[in-house]
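What follows is coords-v8.txt (compact mmCIF, C-alpha atoms and all ligand atoms).
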```txt
# COMPACT_ATOMS: atom_id res chain seq x y z
CA MET W 3 119.90 67.87 121.18
CA THR W 4 120.28 70.96 119.03
CA ASP W 5 117.08 71.79 117.13
CA ARG W 6 117.49 72.94 113.55
CA TYR W 7 115.82 75.92 111.87
CA ALA W 8 116.53 77.79 108.63
CA VAL W 9 115.43 80.63 106.40
CA ILE W 10 114.78 79.62 102.80
CA GLY W 11 114.95 81.99 99.83
CA ASN W 12 116.56 82.78 96.48
CA PRO W 13 118.73 84.81 96.81
CA ILE W 14 119.41 84.21 100.51
CA GLU W 15 122.86 85.71 101.21
CA GLN W 16 121.32 89.06 102.29
CA SER W 17 119.12 87.51 105.00
CA LYS W 18 119.57 88.79 108.55
CA SER W 19 117.42 86.03 110.04
CA PRO W 20 120.29 83.73 111.15
CA LEU W 21 121.92 86.63 112.98
CA ILE W 22 118.66 87.61 114.67
CA HIS W 23 117.61 84.10 115.71
CA THR W 24 121.09 83.19 116.93
CA ALA W 25 121.04 86.31 119.12
CA PHE W 26 117.57 85.38 120.41
CA ALA W 27 118.76 81.84 121.19
CA GLN W 28 121.70 83.19 123.16
CA VAL W 29 119.65 85.54 125.34
CA THR W 30 116.92 82.96 125.99
CA GLY W 31 119.30 80.00 126.47
CA GLN W 32 117.65 77.95 123.70
CA ASP W 33 119.72 75.22 122.05
CA ILE W 34 119.07 75.85 118.35
CA GLU W 35 121.00 76.07 115.10
CA TYR W 36 119.65 78.49 112.47
CA THR W 37 121.06 78.54 108.94
CA LYS W 38 120.42 80.00 105.48
CA LEU W 39 119.01 77.68 102.86
CA TRP W 40 119.17 78.54 99.16
CA ALA W 41 116.74 76.67 96.89
CA PRO W 42 116.37 76.72 93.10
CA LEU W 43 113.29 78.62 91.89
CA GLU W 44 111.42 75.41 91.07
CA GLY W 45 112.84 73.50 94.02
CA PHE W 46 111.08 74.83 97.12
CA ALA W 47 109.16 71.66 98.10
CA ALA W 48 112.13 69.35 97.50
CA ALA W 49 114.42 71.56 99.61
CA VAL W 50 111.91 71.73 102.48
CA ASP W 51 111.28 67.98 102.29
CA ALA W 52 115.03 67.36 102.59
CA PHE W 53 115.36 69.77 105.53
CA ARG W 54 112.48 68.06 107.36
CA ALA W 55 113.94 64.62 106.64
CA MET W 56 117.12 65.74 108.44
CA GLY W 57 115.10 66.70 111.51
CA GLY W 58 114.44 70.40 110.76
CA ARG W 59 111.86 71.85 113.17
CA GLY W 60 110.86 75.07 111.45
CA MET W 61 111.62 77.63 108.77
CA ASN W 62 111.25 81.24 107.84
CA VAL W 63 110.34 81.86 104.23
CA THR W 64 111.49 84.82 102.17
CA ALA W 65 111.18 85.89 98.53
CA PRO W 66 110.26 84.37 96.17
CA PHE W 67 108.83 81.41 98.11
CA LYS W 68 106.04 82.88 100.28
CA LEU W 69 103.37 81.59 97.91
CA ASP W 70 105.08 78.19 97.51
CA ALA W 71 105.01 77.89 101.31
CA PHE W 72 101.32 78.79 101.28
CA ALA W 73 100.70 75.86 98.91
CA TYR W 74 103.02 73.52 100.85
CA ALA W 75 101.41 74.08 104.28
CA THR W 76 98.92 71.61 105.74
CA ASP W 77 97.56 74.02 108.38
CA LEU W 78 97.29 77.74 107.55
CA ALA W 79 96.80 80.22 110.39
CA PRO W 80 94.28 83.06 109.79
CA SER W 81 97.22 85.50 109.45
CA ALA W 82 98.61 83.48 106.53
CA GLN W 83 95.19 83.07 104.96
CA MET W 84 94.53 86.81 105.07
CA ALA W 85 98.01 87.69 103.80
CA GLY W 86 97.78 85.03 101.08
CA ALA W 87 101.40 84.23 101.93
CA VAL W 88 103.48 82.38 104.55
CA ASN W 89 106.62 83.63 106.28
CA ALA W 90 107.05 81.01 109.01
CA MET W 91 106.51 77.24 109.18
CA LYS W 92 106.61 74.76 112.04
CA PHE W 93 107.02 71.03 111.38
CA GLU W 94 105.28 68.83 113.94
CA ASP W 95 103.76 65.32 113.81
CA GLY W 96 103.98 65.21 110.01
CA LYS W 97 102.12 68.52 109.71
CA VAL W 98 103.26 71.85 108.33
CA TYR W 99 101.82 74.69 110.39
CA ALA W 100 102.09 78.04 108.64
CA GLU W 101 101.90 81.63 109.84
CA ASN W 102 102.56 85.13 108.58
CA PHE W 103 104.03 87.31 111.32
CA ASP W 104 104.89 90.36 109.17
CA GLY W 105 101.73 92.30 110.00
CA VAL W 106 101.83 91.63 113.71
CA GLY W 107 105.56 92.48 113.69
CA LEU W 108 104.83 95.83 112.06
CA VAL W 109 102.13 96.72 114.58
CA ARG W 110 104.28 95.66 117.50
CA ASP W 111 107.09 97.90 116.24
CA LEU W 112 104.72 100.85 115.80
CA VAL W 113 102.88 100.52 119.09
CA HIS W 114 105.54 99.19 121.49
CA ASN W 115 108.92 100.26 120.13
CA LEU W 116 107.92 103.58 118.58
CA ALA W 117 105.16 104.34 121.12
CA CYS W 118 102.79 105.25 118.30
CA ALA W 119 99.30 104.29 119.47
CA LEU W 120 96.98 103.84 116.47
CA GLN W 121 93.62 104.05 118.18
CA GLY W 122 91.50 106.80 116.65
CA ARG W 123 94.33 107.86 114.30
CA ARG W 124 94.13 108.42 110.55
CA VAL W 125 96.41 105.83 108.93
CA LEU W 126 97.52 105.86 105.29
CA ILE W 127 99.20 102.81 103.75
CA LEU W 128 100.94 102.94 100.37
CA GLY W 129 100.78 99.92 98.07
CA ALA W 130 98.26 97.12 97.58
CA GLY W 131 100.55 94.10 97.26
CA GLY W 132 101.44 91.31 99.66
CA ALA W 133 103.01 93.58 102.28
CA THR W 134 99.84 95.67 102.65
CA ARG W 135 97.61 92.62 102.57
CA GLY W 136 99.50 91.08 105.50
CA ALA W 137 99.37 94.29 107.53
CA LEU W 138 95.65 95.05 107.22
CA LEU W 139 94.06 92.96 109.98
CA PRO W 140 96.75 93.63 112.62
CA LEU W 141 96.44 97.39 111.85
CA LEU W 142 92.64 97.31 112.05
CA ALA W 143 92.77 95.42 115.36
CA GLU W 144 94.34 98.59 116.83
CA GLN W 145 91.14 100.48 115.97
CA PRO W 146 92.48 103.42 113.97
CA GLY W 147 89.91 106.14 113.20
CA GLU W 148 90.29 105.46 109.49
CA LEU W 149 92.51 103.35 107.23
CA VAL W 150 93.20 104.48 103.67
CA ILE W 151 94.99 102.23 101.16
CA VAL W 152 96.51 104.15 98.25
CA ASN W 153 97.91 102.49 95.13
CA ARG W 154 98.92 103.38 91.55
CA THR W 155 96.64 100.62 90.28
CA VAL W 156 93.48 101.87 91.98
CA ALA W 157 91.44 98.68 91.48
CA LYS W 158 93.88 96.73 93.67
CA ALA W 159 93.48 99.25 96.51
CA VAL W 160 89.69 99.11 96.23
CA GLU W 161 89.77 95.31 96.23
CA LEU W 162 91.97 95.13 99.34
CA ALA W 163 89.80 97.69 101.16
CA ALA W 164 86.73 95.53 100.48
CA LEU W 165 88.56 92.42 101.69
CA ALA W 166 89.59 94.18 104.88
CA GLN W 167 86.05 95.46 105.51
CA GLN W 168 84.75 91.96 105.10
CA HIS W 169 87.22 90.32 107.53
CA GLN W 170 87.68 92.88 110.28
CA THR W 171 85.87 92.39 113.59
CA SER W 172 85.78 96.11 114.41
CA ARG W 173 84.07 98.74 112.27
CA VAL W 174 86.94 100.91 111.15
CA PRO W 175 86.22 102.70 107.86
CA VAL W 176 88.61 101.40 105.17
CA LYS W 177 89.00 103.10 101.78
CA GLY W 178 90.98 102.21 98.66
CA LEU W 179 92.08 105.19 96.54
CA GLY W 180 94.40 106.38 93.80
CA TYR W 181 97.20 108.83 94.66
CA ASP W 182 95.28 111.81 93.20
CA ASP W 183 92.25 111.16 95.38
CA VAL W 184 93.89 111.11 98.82
CA GLN W 185 92.53 113.95 100.92
CA GLY W 186 93.58 115.48 104.21
CA ALA W 187 96.49 114.72 106.50
CA PHE W 188 97.36 111.48 108.28
CA ASP W 189 98.91 110.71 111.69
CA VAL W 190 100.70 107.61 110.43
CA VAL W 191 101.91 107.09 106.84
CA LEU W 192 103.25 103.61 106.04
CA ASN W 193 105.09 102.81 102.83
CA ALA W 194 104.23 99.15 102.13
CA SER W 195 104.79 99.53 98.39
CA SER W 196 107.96 98.08 96.89
CA SER W 197 109.07 101.55 95.68
CA SER W 198 112.03 101.69 98.08
CA LEU W 199 113.56 98.51 96.66
CA THR W 200 114.12 100.37 93.40
CA ALA W 201 114.78 103.78 95.02
CA GLU W 202 111.64 105.25 93.46
CA LEU W 203 109.37 107.89 94.93
CA PRO W 204 105.67 107.00 95.08
CA PRO W 205 103.53 109.80 93.53
CA LEU W 206 102.47 111.01 96.97
CA ASN W 207 101.39 114.55 97.80
CA ALA W 208 103.55 115.88 100.67
CA GLY W 209 100.39 117.36 102.23
CA VAL W 210 99.43 113.90 103.59
CA PHE W 211 101.81 114.26 106.55
CA ALA W 212 100.00 115.75 109.58
CA PRO W 213 102.01 117.70 112.18
CA GLY W 214 103.67 115.18 114.54
CA CYS W 215 103.08 112.40 112.04
CA LEU W 216 105.10 109.16 111.90
CA ALA W 217 106.44 108.19 108.44
CA TYR W 218 107.40 104.51 108.32
CA ASP W 219 108.98 102.61 105.44
CA LEU W 220 108.50 98.84 105.70
CA THR W 221 111.69 98.32 103.68
CA TYR W 222 114.93 98.08 105.68
CA GLY W 223 118.59 98.53 104.92
CA LYS W 224 117.99 101.12 102.18
CA GLY W 225 118.86 104.18 104.23
CA LEU W 226 116.77 107.32 103.90
CA THR W 227 114.51 106.14 101.07
CA PRO W 228 112.87 108.60 98.62
CA PHE W 229 109.65 108.17 100.62
CA LEU W 230 111.38 109.04 103.91
CA GLN W 231 113.14 111.96 102.23
CA LEU W 232 109.81 113.30 101.03
CA ALA W 233 108.49 113.07 104.60
CA GLN W 234 111.58 114.74 106.01
CA GLN W 235 111.36 117.60 103.49
CA ALA W 236 107.71 118.02 104.50
CA GLY W 237 108.88 118.60 108.09
CA VAL W 238 108.27 115.11 109.53
CA THR W 239 110.71 114.35 112.34
CA ARG W 240 109.45 110.88 113.28
CA LEU W 241 110.95 108.64 110.60
CA ALA W 242 111.46 104.86 110.76
CA ASP W 243 112.40 102.02 108.47
CA GLY W 244 111.41 98.35 108.75
CA VAL W 245 114.27 97.10 110.95
CA GLY W 246 112.02 96.96 114.01
CA MET W 247 109.34 95.11 112.04
CA LEU W 248 111.96 92.58 110.90
CA ALA W 249 113.08 91.94 114.48
CA GLU W 250 109.51 91.76 115.82
CA GLN W 251 108.27 89.28 113.21
CA ALA W 252 111.34 87.17 114.03
CA ALA W 253 110.53 87.35 117.75
CA GLU W 254 106.97 86.18 117.03
CA ALA W 255 108.28 83.19 115.08
CA PHE W 256 110.83 82.40 117.80
CA ALA W 257 108.11 82.47 120.47
CA TRP W 258 105.87 80.25 118.34
CA TRP W 259 108.65 77.69 117.89
CA ARG W 260 110.28 77.81 121.31
CA GLY W 261 107.60 79.05 123.73
CA VAL W 262 109.69 82.01 124.91
CA ARG W 263 109.59 85.55 123.50
CA PRO W 264 112.98 87.26 123.33
CA ASN W 265 113.51 90.95 123.98
CA THR W 266 114.19 92.67 120.65
CA ALA W 267 115.81 95.96 121.76
CA GLU W 268 119.42 94.82 121.44
CA VAL W 269 118.88 93.14 118.06
CA ILE W 270 117.20 96.28 116.69
CA GLN W 271 120.05 98.44 117.95
CA ASN W 272 122.62 96.17 116.30
CA LEU W 273 120.80 96.06 112.96
CA LYS W 274 120.23 99.81 112.67
CA VAL W 275 122.21 101.47 109.92
CA PRO W 276 122.96 105.18 110.31
CA TRP W 277 121.00 107.19 107.74
CA VAL W 278 123.51 109.90 106.98
P1 LIG I 1 104.99 93.08 97.96
O1 LIG I 1 104.73 91.63 98.18
O2 LIG I 1 106.34 93.56 98.39
O3 LIG I 1 103.89 93.95 98.50
P2 LIG I 1 103.94 93.25 95.29
O4 LIG I 1 102.83 92.32 95.69
O5 LIG I 1 104.63 93.05 94.00
O6 LIG I 1 105.08 93.27 96.38
O7 LIG I 1 103.34 94.73 95.34
C1 LIG I 1 104.11 95.84 95.10
C2 LIG I 1 103.27 97.08 95.41
O8 LIG I 1 104.13 98.23 95.34
C3 LIG I 1 102.14 97.34 94.44
O9 LIG I 1 101.06 97.89 95.15
C4 LIG I 1 102.75 98.38 93.47
O10 LIG I 1 101.80 99.22 92.87
P3 LIG I 1 100.97 98.76 91.57
O11 LIG I 1 100.00 97.71 92.03
O12 LIG I 1 100.27 99.99 91.10
O13 LIG I 1 101.99 98.25 90.61
C5 LIG I 1 103.58 99.17 94.44
N1 LIG I 1 104.69 99.91 93.82
C6 LIG I 1 105.80 99.41 93.23
N2 LIG I 1 106.61 100.41 92.80
C7 LIG I 1 105.99 101.58 93.11
C8 LIG I 1 106.32 102.96 92.93
N3 LIG I 1 107.45 103.34 92.34
N4 LIG I 1 105.44 103.88 93.40
C9 LIG I 1 104.29 103.50 94.00
N5 LIG I 1 103.93 102.22 94.20
C10 LIG I 1 104.76 101.26 93.76
```

Could you write out this structure as structure tokens?
Amino acid sequence: MTDRYAVIGNPIEQSKSPLIHTAFAQVTGQDIEYTKLWAPLEGFAAAVDAFRAMGGRGMNVTAPFKLDAFAYATDLAPSAQMAGAVNAMKFEDGKVYAENFDGVGLVRDLVHNLACALQGRRVLILGAGGATRGALLPLLAEQPGELVIVNRTVAKAVELAALAQQHQTSRVPVKGLGYDDVQGAFDVVLNASSSSLTAELPPLNAGVFAPGCLAYDLTYGKGLTPFLQLAQQAGVTRLADGVGMLAEQAAEAFAWWRGVRPNTAEVIQNLKVPWV
């Protein structure tokens, strides 16, 4: 019997998840149907209840429902607890298991697809919202030499740095700073702020990019964002957007649901949009 999955959001038309999971199902020979599910802003729980009642096995969750899913879950994985948000659910034996694969997807893209080992490296992450929160523990597990969180609202960066220090198992120094206080150059600069969604440039000094540095924007489908342009103008040649992260978090969810991890290379190639 065909097992049913969906991605839920509002809006939902833009979602690439059905395309990605259908491709994964084809290459792994899994018999699944994966659709888009729109829900009214106040109607998350009712829509998920209805999907489960029709035999739905699992869901991805996108904006603005990641916190609703956090509240709806019966069993939160540590990744979801740390991120404070849920991006994947599995329905089994009346339970709602919840995960957040965004951070692990990001790290997998960096380390495996882009061959950018993080161990001992200076890593700078822009933003102190949900995206950064979800990325912290997977980044720290790679044992960078230092992790600096920079944010316009400095208190939020300081708060997240303290949270990360408290939860990490290794002893990586983590700092939270304002843009004016960032010092030195970094080997990896990650834009996890939402600046690229509105085509804004974070107030970042171009001196943060070390020679040979990787500049990575977690946003996808926005072309060469102002952040990536800044990096390019500063001489950075290793530029990436979040397409690989999108595919890798999807692969993690697929493996969690189906017990088989698909290869992501073809999906990433198909989703890539030329930048110029
Ligand atoms: P998300 O869940 O996508 O992380 P969020 O929780 O709303 O979204 O957080 C957005 C983050 O992007 C915040 O850290 C925000 O900075 P402030 O806390 O100072 O508001 C950051 N951000 C948004 N627009 C930005 C811009 N133009 N430049 C720099 N940072 C920006």

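For the choices W:Ser195, W:Ser19, W:Gln32, W:Asn89, the atom-to-atom distance to Asp5 of chain W is smallest for W:Gln32 when using only C-alpha atoms.
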
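The gap separating atom CA of Tyr99 of chain W from atom CA of Gly57 of chain W is 15.5 Å, in Å to one decimal.
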
Enumerate as a PyMOL selection string the residues within 9 Å of ligand LIG 1 (chain I), counting all atoms listed in the file. chain W and resi 65+87+128-136+152-159+181+193-206+221

Restricting to all atoms listed in the file, whichever of W:Ala255, W:Phe211, W:Ala117, W:Ala242 is closest to Val88 of chain W is W:Ala255

Taking the point (114.1, 64.4, 107.4) as given in the file, collect each protein or nucleic acid residue that comes within 12 Å of it, counting all atoms listed in the file, and present the set as a short mmCIF file (atom, residue, chain, number, x, y, z; two decimals) with C-alpha atoms, in the coordinates of the input.
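Saved file out32.cif follows:
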```
data_model
loop_
_atom_site.label_atom_id
_atom_site.label_comp_id
_atom_site.auth_asym_id
_atom_site.auth_seq_id
_atom_site.Cartn_x
_atom_site.Cartn_y
_atom_site.Cartn_z
CA ARG W 6 117.49 72.94 113.55
CA ALA W 48 112.13 69.35 97.50
CA ALA W 49 114.42 71.56 99.61
CA VAL W 50 111.91 71.73 102.48
CA ASP W 51 111.28 67.98 102.29
CA ALA W 52 115.03 67.36 102.59
CA PHE W 53 115.36 69.77 105.53
CA ARG W 54 112.48 68.06 107.36
CA ALA W 55 113.94 64.62 106.64
CA MET W 56 117.12 65.74 108.44
CA GLY W 57 115.10 66.70 111.51
CA GLY W 58 114.44 70.40 110.76
CA ARG W 59 111.86 71.85 113.17
CA GLY W 60 110.86 75.07 111.45
CA PHE W 93 107.02 71.03 111.38
CA GLU W 94 105.28 68.83 113.94
CA GLY W 96 103.98 65.21 110.01
#
```

Practice prompt. Write out as an NGL selection string which residues come within 12 Å of Gly237 of chain W when counting all atoms listed in the file, dropping same-chain ones fewer than 5 positions away.
Written response: :W and (208-217 or 230-232)

re atom CA of Thr30 of chain W and atom CA of Asp77 of chain W: distance 27.7 Å

Review point. Could you pull the residues within 10 Å of Leu120 of chain W, counting only C-alpha atoms, minus those fewer than 4 positions along the same chain, as a VMD selection string?
Key: chain W and resid 109 112 to 113 124 to 125 141 to 148 189 to 190

- Item | Close residues, Gln28 of chain W itself excluded, 12 Å, only C-alpha atoms, min 5 positions apart in chain, as a VMD selection string | chain W and resid 21 to 23 33 to 36 264 to 265 268 to 269

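Counting from atom CA of Gly31 of chain W, the distance to atom CA of Arg263 of chain W is 11.6 Å.
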
Please return segment 85-106 of chain W, rebuilt to N, CA, C and O atoms, as an mmCIF file, in the coordinates of the input.
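Written out: part21.cif:
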```cif
data_model
loop_
_atom_site.group_PDB
_atom_site.id
_atom_site.type_symbol
_atom_site.label_atom_id
_atom_site.label_comp_id
_atom_site.auth_asym_id
_atom_site.auth_seq_id
_atom_site.Cartn_x
_atom_site.Cartn_y
_atom_site.Cartn_z
ATOM 1 N N ALA W 85 96.895 87.136 104.569
ATOM 2 C CA ALA W 85 98.010 87.690 103.800
ATOM 3 C C ALA W 85 98.139 87.006 102.441
ATOM 4 O O ALA W 85 98.730 87.565 101.524
ATOM 5 N N GLY W 86 97.618 85.798 102.325
ATOM 6 C CA GLY W 86 97.780 85.030 101.080
ATOM 7 C C GLY W 86 99.214 84.573 100.907
ATOM 8 O O GLY W 86 99.635 84.241 99.803
ATOM 9 N N ALA W 87 99.970 84.555 101.992
ATOM 10 C CA ALA W 87 101.400 84.230 101.930
ATOM 11 C C ALA W 87 101.855 83.742 103.305
ATOM 12 O O ALA W 87 101.243 84.078 104.315
ATOM 13 N N VAL W 88 102.954 82.973 103.306
ATOM 14 C CA VAL W 88 103.480 82.380 104.550
ATOM 15 C C VAL W 88 104.895 82.876 104.783
ATOM 16 O O VAL W 88 105.696 82.912 103.846
ATOM 17 N N ASN W 89 105.217 83.290 106.014
ATOM 18 C CA ASN W 89 106.620 83.630 106.280
ATOM 19 C C ASN W 89 107.253 82.805 107.397
ATOM 20 O O ASN W 89 108.426 82.971 107.689
ATOM 21 N N ALA W 90 106.460 81.891 107.999
ATOM 22 C CA ALA W 90 107.050 81.010 109.010
ATOM 23 C C ALA W 90 106.319 79.665 109.007
ATOM 24 O O ALA W 90 105.092 79.624 108.884
ATOM 25 N N MET W 91 107.096 78.591 109.142
ATOM 26 C CA MET W 91 106.510 77.240 109.180
ATOM 27 C C MET W 91 107.050 76.502 110.395
ATOM 28 O O MET W 91 108.190 76.714 110.814
ATOM 29 N N LYS W 92 106.197 75.624 110.922
ATOM 30 C CA LYS W 92 106.610 74.760 112.040
ATOM 31 C C LYS W 92 106.274 73.330 111.632
ATOM 32 O O LYS W 92 105.163 73.067 111.169
ATOM 33 N N PHE W 93 107.235 72.417 111.788
ATOM 34 C CA PHE W 93 107.020 71.030 111.380
ATOM 35 C C PHE W 93 106.798 70.192 112.636
ATOM 36 O O PHE W 93 107.678 70.106 113.495
ATOM 37 N N GLU W 94 105.614 69.584 112.725
ATOM 38 C CA GLU W 94 105.280 68.830 113.940
ATOM 39 C C GLU W 94 104.336 67.694 113.567
ATOM 40 O O GLU W 94 103.314 67.939 112.905
ATOM 41 N N ASP W 95 104.631 66.489 114.017
ATOM 42 C CA ASP W 95 103.760 65.320 113.810
ATOM 43 C C ASP W 95 103.344 65.169 112.341
ATOM 44 O O ASP W 95 102.169 64.929 112.047
ATOM 45 N N GLY W 96 104.268 65.367 111.439
ATOM 46 C CA GLY W 96 103.980 65.210 110.010
ATOM 47 C C GLY W 96 103.200 66.365 109.409
ATOM 48 O O GLY W 96 102.874 66.347 108.224
ATOM 49 N N LYS W 97 102.882 67.378 110.228
ATOM 50 C CA LYS W 97 102.120 68.520 109.710
ATOM 51 C C LYS W 97 103.032 69.722 109.460
ATOM 52 O O LYS W 97 104.121 69.811 110.032
ATOM 53 N N VAL W 98 102.536 70.611 108.606
ATOM 54 C CA VAL W 98 103.260 71.850 108.330
ATOM 55 C C VAL W 98 102.357 73.010 108.719
ATOM 56 O O VAL W 98 101.420 73.371 108.002
ATOM 57 N N TYR W 99 102.601 73.558 109.918
ATOM 58 C CA TYR W 99 101.820 74.690 110.390
ATOM 59 C C TYR W 99 102.429 75.968 109.802
ATOM 60 O O TYR W 99 103.656 76.105 109.766
ATOM 61 N N ALA W 100 101.565 76.864 109.335
ATOM 62 C CA ALA W 100 102.090 78.040 108.640
ATOM 63 C C ALA W 100 101.464 79.325 109.161
ATOM 64 O O ALA W 100 100.267 79.388 109.424
ATOM 65 N N GLU W 101 102.299 80.336 109.286
ATOM 66 C CA GLU W 101 101.900 81.630 109.840
ATOM 67 C C GLU W 101 102.441 82.742 108.960
ATOM 68 O O GLU W 101 103.328 82.536 108.141
ATOM 69 N N ASN W 102 101.934 83.944 109.162
ATOM 70 C CA ASN W 102 102.560 85.130 108.580
ATOM 71 C C ASN W 102 102.638 86.181 109.684
ATOM 72 O O ASN W 102 101.610 86.709 110.108
ATOM 73 N N PHE W 103 103.845 86.418 110.173
ATOM 74 C CA PHE W 103 104.030 87.310 111.320
ATOM 75 C C PHE W 103 104.413 88.732 110.912
ATOM 76 O O PHE W 103 104.701 89.568 111.763
ATOM 77 N N ASP W 104 104.451 89.026 109.605
ATOM 78 C CA ASP W 104 104.890 90.360 109.170
ATOM 79 C C ASP W 104 103.976 91.465 109.701
ATOM 80 O O ASP W 104 104.443 92.497 110.195
ATOM 81 N N GLY W 105 102.676 91.265 109.585
ATOM 82 C CA GLY W 105 101.730 92.300 110.000
ATOM 83 C C GLY W 105 101.770 92.548 111.499
ATOM 84 O O GLY W 105 101.819 93.698 111.964
ATOM 85 N N VAL W 106 101.802 91.482 112.261
ATOM 86 C CA VAL W 106 101.830 91.630 113.710
ATOM 87 C C VAL W 106 103.167 92.226 114.147
ATOM 88 O O VAL W 106 103.246 93.026 115.097
#
```
